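What follows is coords_8.pdb (PDB, C-alpha atoms).
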MODEL        1
ATOM      1  CA  MET C   1      21.835  -1.590   1.272
ATOM      2  CA  ASN C   2      18.760   0.619   1.684
ATOM      3  CA  ARG C   3      15.725  -1.440   0.622
ATOM      4  CA  VAL C   4      12.221  -1.472   2.107
ATOM      5  CA  ILE C   5       9.230  -3.681   1.330
ATOM      6  CA  LEU C   6       5.912  -2.787   2.973
ATOM      7  CA  MET C   7       2.324  -3.926   2.783
ATOM      8  CA  GLY C   8      -0.372  -1.816   4.341
ATOM      9  CA  ARG C   9      -3.590   0.075   3.854
ATOM     10  CA  LEU C  10      -3.841   3.615   2.541
ATOM     11  CA  THR C  11      -4.982   6.004   5.257
ATOM     12  CA  ARG C  12      -6.299   8.478   2.673
ATOM     13  CA  ASP C  13      -6.351   8.987  -1.103
ATOM     14  CA  PRO C  14      -2.924   9.874  -2.550
ATOM     15  CA  GLU C  15      -2.225  13.580  -2.967
ATOM     16  CA  LEU C  16      -0.683  14.505  -6.345
ATOM     17  CA  ARG C  17       1.291  17.653  -7.139
ATOM     18  CA  TYR C  18       3.605  18.627  -9.979
ATOM     19  CA  SER C  19       7.088  20.043  -9.578
ATOM     20  CA  GLN C  20       8.053  23.420 -10.994
ATOM     21  CA  GLY C  21      10.580  23.782 -13.776
ATOM     22  CA  GLU C  22      11.229  22.923 -17.370
ATOM     23  CA  ARG C  23      10.003  19.354 -16.969
ATOM     24  CA  ALA C  24       7.108  19.116 -14.523
ATOM     25  CA  MET C  25       7.264  15.893 -12.533
ATOM     26  CA  ALA C  26       4.321  14.225 -10.790
ATOM     27  CA  ILE C  27       4.855  13.734  -7.049
ATOM     28  CA  ALA C  28       2.296  11.656  -5.139
ATOM     29  CA  ARG C  29       2.285  11.420  -1.352
ATOM     30  CA  TYR C  30       0.355   8.903   0.683
ATOM     31  CA  THR C  31       0.517   7.197   4.059
ATOM     32  CA  LEU C  32       0.379   3.467   4.667
ATOM     33  CA  ALA C  33      -0.910   1.951   7.890
ATOM     34  CA  VAL C  34       1.301  -1.112   8.350
ATOM     35  CA  ASP C  35       0.237  -3.621  10.999
ATOM     36  CA  ARG C  36       2.750  -4.532  13.668
ATOM     37  CA  ARG C  37       3.333  -8.163  14.455
ATOM     38  CA  GLY C  38       3.193  -9.375  18.009
ATOM     39  CA  ARG C  39       0.874  -9.149  20.962
ATOM     40  CA  ARG C  40      -1.467  -6.350  21.732
ATOM     41  CA  GLY C  41      -1.313  -4.556  25.045
ATOM     42  CA  GLN C  42      -3.318  -5.713  28.037
ATOM     43  CA  ASP C  43      -5.733  -2.796  27.782
ATOM     44  CA  GLY C  44      -5.927  -2.945  23.978
ATOM     45  CA  ASN C  45      -5.077   0.765  23.631
ATOM     46  CA  GLU C  46      -1.575   0.328  22.254
ATOM     47  CA  GLN C  47      -0.980   1.371  18.672
ATOM     48  CA  THR C  48      -0.910  -1.759  16.515
ATOM     49  CA  ALA C  49       0.061  -0.078  13.234
ATOM     50  CA  ASP C  50       2.826   2.214  12.054
ATOM     51  CA  PHE C  51       1.887   5.077   9.759
ATOM     52  CA  ILE C  52       4.556   5.399   7.089
ATOM     53  CA  ASN C  53       4.836   8.303   4.653
ATOM     54  CA  CYS C  54       5.463   7.304   1.035
ATOM     55  CA  VAL C  55       6.450   9.408  -1.987
ATOM     56  CA  ALA C  56       6.086   8.224  -5.601
ATOM     57  CA  PHE C  57       7.477  10.159  -8.571
ATOM     58  CA  ASP C  58       6.542  10.444 -12.263
ATOM     59  CA  ARG C  59       4.510   7.523 -13.614
ATOM     60  CA  GLN C  60       4.458   5.795 -10.228
ATOM     61  CA  GLY C  61       2.946   8.957  -8.751
ATOM     62  CA  GLU C  62       0.347   9.298 -11.485
ATOM     63  CA  PHE C  63      -0.559   5.610 -11.114
ATOM     64  CA  ALA C  64      -1.027   5.987  -7.354
ATOM     65  CA  GLU C  65      -3.248   9.048  -7.751
ATOM     66  CA  LYS C  66      -5.360   7.409 -10.439
ATOM     67  CA  TYR C  67      -5.890   3.950  -8.944
ATOM     68  CA  PHE C  68      -5.153   3.960  -5.196
ATOM     69  CA  ARG C  69      -7.937   4.844  -2.775
ATOM     70  CA  GLN C  70      -8.254   5.112   0.976
ATOM     71  CA  GLY C  71      -8.510   1.701   2.638
ATOM     72  CA  MET C  72      -6.906  -0.261  -0.206
ATOM     73  CA  ARG C  73      -4.158  -2.679   0.714
ATOM     74  CA  VAL C  74      -1.044  -2.093  -1.379
ATOM     75  CA  LEU C  75       2.460  -3.525  -1.568
ATOM     76  CA  ILE C  76       5.368  -1.158  -2.139
ATOM     77  CA  SER C  77       9.126  -1.383  -2.343
ATOM     78  CA  GLY C  78      11.608   1.428  -2.268
ATOM     79  CA  ARG C  79      14.203   3.093  -0.067
ATOM     80  CA  ILE C  80      14.170   5.095   3.159
ATOM     81  CA  GLN C  81      15.082   8.757   2.861
ATOM     82  CA  THR C  82      15.531  10.998   5.885
ATOM     83  CA  GLY C  83      15.622  14.761   5.990
ATOM     84  CA  SER C  84      14.922  17.784   8.126
ATOM     85  CA  TYR C  85      13.564  21.321   7.923
ATOM     86  CA  ILE C  86      12.930  24.286  10.193
ATOM     87  CA  ASN C  87       9.212  24.817  10.895
ATOM     88  CA  ARG C  88       7.447  28.155  11.402
ATOM     89  CA  ASP C  89       8.219  28.065  15.125
ATOM     90  CA  GLY C  90      11.937  27.809  14.390
ATOM     91  CA  GLN C  91      12.152  24.187  15.527
ATOM     92  CA  LYS C  92      14.001  21.555  13.530
ATOM     93  CA  VAL C  93      11.676  18.786  12.311
ATOM     94  CA  TYR C  94      13.072  15.440  11.160
ATOM     95  CA  THR C  95      11.346  13.499   8.380
ATOM     96  CA  THR C  96      11.442   9.892   7.213
ATOM     97  CA  ASP C  97       9.842   8.932   3.898
ATOM     98  CA  ILE C  98       9.805   5.860   1.705
ATOM     99  CA  ILE C  99      10.752   6.735  -1.872
ATOM    100  CA  VAL C 100       8.666   4.292  -3.911
ATOM    101  CA  ASP C 101      10.315   2.300  -6.699
ATOM    102  CA  ASP C 102       7.535  -0.263  -7.212
ATOM    103  CA  GLN C 103       3.939  -0.414  -6.041
ATOM    104  CA  GLU C 104       1.075  -2.773  -6.670
ATOM    105  CA  PHE C 105      -2.313  -3.847  -5.419
ATOM    106  CA  ALA C 106      -2.184  -6.414  -2.610
ATOM    107  CA  ASP C 107      -5.865  -7.387  -2.782
ATOM    108  CA  SER C 108      -7.996  -8.786  -5.561
ATOM    109  CA  LYS C 109     -10.220  -6.482  -7.543
ATOM    110  CA  GLY C 110     -13.255  -7.885  -5.700
ATOM    111  CA  ALA C 111     -11.741  -7.138  -2.298
ATOM    112  CA  ALA C 112     -10.910  -3.611  -3.443
ATOM    113  CA  ALA C 113     -14.523  -3.122  -4.553
ATOM    114  CA  ASP C 114     -15.650  -4.156  -1.062
ATOM    115  CA  MET C 115     -13.536  -1.276   0.312
ATOM    116  CA  SER C 116     -15.230   1.366  -1.870
ATOM    117  CA  GLY C 117     -17.335   2.567   1.062
ATOM    118  CA  TYR C 118     -14.414   2.631   3.504
ATOM    119  CA  ARG C 119     -13.864   6.034   5.105
ATOM    120  CA  GLY C 120     -12.517   7.151   8.430
ATOM    121  CA  GLY C 121      -9.544   6.222  10.553
ATOM    122  CA  TYR C 122      -7.495   3.104  10.103
ATOM    123  CA  GLN C 123      -9.305  -0.064  10.988
ATOM    124  CA  GLN C 124      -9.025  -3.639   9.844
ATOM    125  CA  PRO C 125     -11.949  -4.198   7.475
ATOM    126  CA  ALA C 126     -14.144  -7.271   7.716
ATOM    127  CA  GLN C 127     -13.064 -10.066   5.429
ATOM    128  CA  PRO C 128     -15.497 -10.729   2.587
ATOM    129  CA  GLN C 129     -17.682 -13.798   3.105
ATOM    130  CA  GLN C 130     -16.979 -15.968   0.072
ATOM    131  CA  PRO C 131     -17.603 -19.692   0.065
ATOM    132  CA  ALA C 132     -14.579 -21.831  -0.733
ATOM    133  CA  PRO C 133     -14.789 -23.677  -4.054
ATOM    134  CA  SER C 134     -16.029 -27.206  -3.533
ATOM    135  CA  SER C 135     -12.961 -28.629  -5.262
ATOM    136  CA  ALA C 136     -10.419 -26.733  -3.121
ATOM    137  CA  ILE C 137      -7.729 -28.761  -1.397
ATOM    138  CA  GLY C 138      -6.492 -27.755   2.063
ATOM    139  CA  ASP C 139      -3.267 -26.281   0.641
ATOM    140  CA  GLY C 140      -5.123 -23.577  -1.337
ATOM    141  CA  PHE C 141      -4.832 -25.296  -4.725
ATOM    142  CA  MET C 142      -7.758 -26.486  -6.741
ATOM    143  CA  ASN C 143      -8.159 -29.984  -8.156
ATOM    144  CA  ILE C 144      -8.222 -30.038 -11.942
ATOM    145  CA  PRO C 145     -11.445 -31.742 -13.037
ATOM    146  CA  ASP C 146     -11.216 -34.932 -15.071
ATOM    147  CA  GLY C 147     -11.483 -34.355 -18.794
ATOM    148  CA  VAL C 148      -9.454 -31.133 -18.857
ATOM    149  CA  GLU C 149      -6.503 -31.522 -21.202
ATOM    150  CA  ASP C 150      -3.040 -30.418 -20.000
ATOM    151  CA  GLU C 151      -2.486 -28.558 -23.303
ATOM    152  CA  GLY C 152      -5.299 -26.123 -22.474
ATOM    153  CA  LEU C 153      -3.716 -24.958 -19.235
ATOM    154  CA  PRO C 154      -1.680 -21.697 -19.288
ATOM    155  CA  PHE C 155       1.402 -23.337 -17.749
ATOM    156  CA  ASN C 156       3.549 -26.444 -18.178
TER     157      ASN C 156
ENDMDL
END
Conversion result in structure tokens:
Amino acid sequence: MNRVILMGRLTRDPELRYSQGERAMAIARYTLAVDRRGRRGQDGNEQTADFINCVAFDRQGEFAEKYFRQGMRVLISGRIQTGSYINRDGQKVYTTDIIVDDQEFADSKGAAADMSGYRGGYQQPAQPQQPAPSSAIGDGFMNIPDGVEDEGLPFN
């Protein structure tokens, strides 16, 4: 089985092109910086992220170009595709891309708005300073205030 699920930050805005032929197809390319788990090196100079090339076709490609921006954290799933070509110097170059099947935002709209000024190389952005709701429990769920009827909630 060839299945990949990744979450990372866009290193730049997606680049959209259209294929030639009878039916032009949108092809978006972007790179995700995916953090590595584990310890950092003693000197702190070791690379702590992998930069993974992603390709999205048709509507997925148009969606990426329209809504994804540099610095946004996104979640994708797809498959690995390898290939090769001969460059101008006559050397064989091997490629590895993720062909995107599904993609979505991994941050809230507010967190994405905080990233609107993000430019430059990959770096972990500062987390937004938002106070926790006063009725939050330690497990991340919120207490339902007294007087709220169960019928008004959007779930059973």
Residues of region 10-69 of chain C that approach region 1-6 of chain C to 10 Å or less, counting all atoms listed in the file: could you list each one with the shortest pair of atoms and its distance in Å to one decimal, rows by chain and increasing residue number, as a Markdown table?
| residue | atom | partner | partner_atom | distance |
| --- | --- | --- | --- | --- |
| C:Leu32 | CA | C:Leu6 | CA | 8.5 |
| C:Ala33 | CA | C:Leu6 | CA | 9.7 |
| C:Val34 | CA | C:Leu6 | CA | 7.3 |
| C:Asp35 | CA | C:Leu6 | CA | 9.9 |
| C:Ile52 | CA | C:Leu6 | CA | 9.3 |
request  = Carefully work through the PyMOL selection byres ((chain C and resi 88-100) around 8) for this structure and note down the residues it includes, as a PyMOL selection string.
outcome  = chain C and resi 4+52-57+60+76-87+101-103
query = So how many Å separate CA of Arg37 (chain C) and CA of Gln70 (chain C), to one decimal?
reply =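 Interatomic distance, CA of Arg37 (chain C) to CA of Gln70 (chain C): 22.2 Å.
A straight line drawn from CA of Arg36 (chain C) to CA of Phe51 (chain C) is 10.4 Å long.
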Residue with smallest distance to Asp58 (chain C) - pool C:Ile27, C:Glu22, C:Arg17, C:Thr11, counting all atoms listed in the file =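 Nearest candidate to Asp58 (chain C) out of C:Ile27, C:Glu22, C:Arg17, C:Thr11: C:Ile27.
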query = Could you work out how far CA of Ala24 (chain C) lies from CA of Arg59 (chain C), giving the answer in Å with one decimal?
reply =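 These two atoms are separated by 11.9 Å.
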ask   = Which neighbours of region 64-68 of chain C fall inside 6 Å, counting only C-alpha atoms, when residues of the same chain fewer than 2 positions from it are skipped, and could you give them as a ChimeraX atom specification?
value = /C:14,61-62
ask   = With distances taken over only C-alpha atoms, which of C:Ala28, C:Ser108, C:Gly38, C:Arg69 is nearest to Leu10 (chain C)?
value =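 Residue with the minimum atom-to-atom distance to Leu10 (chain C): C:Arg69.
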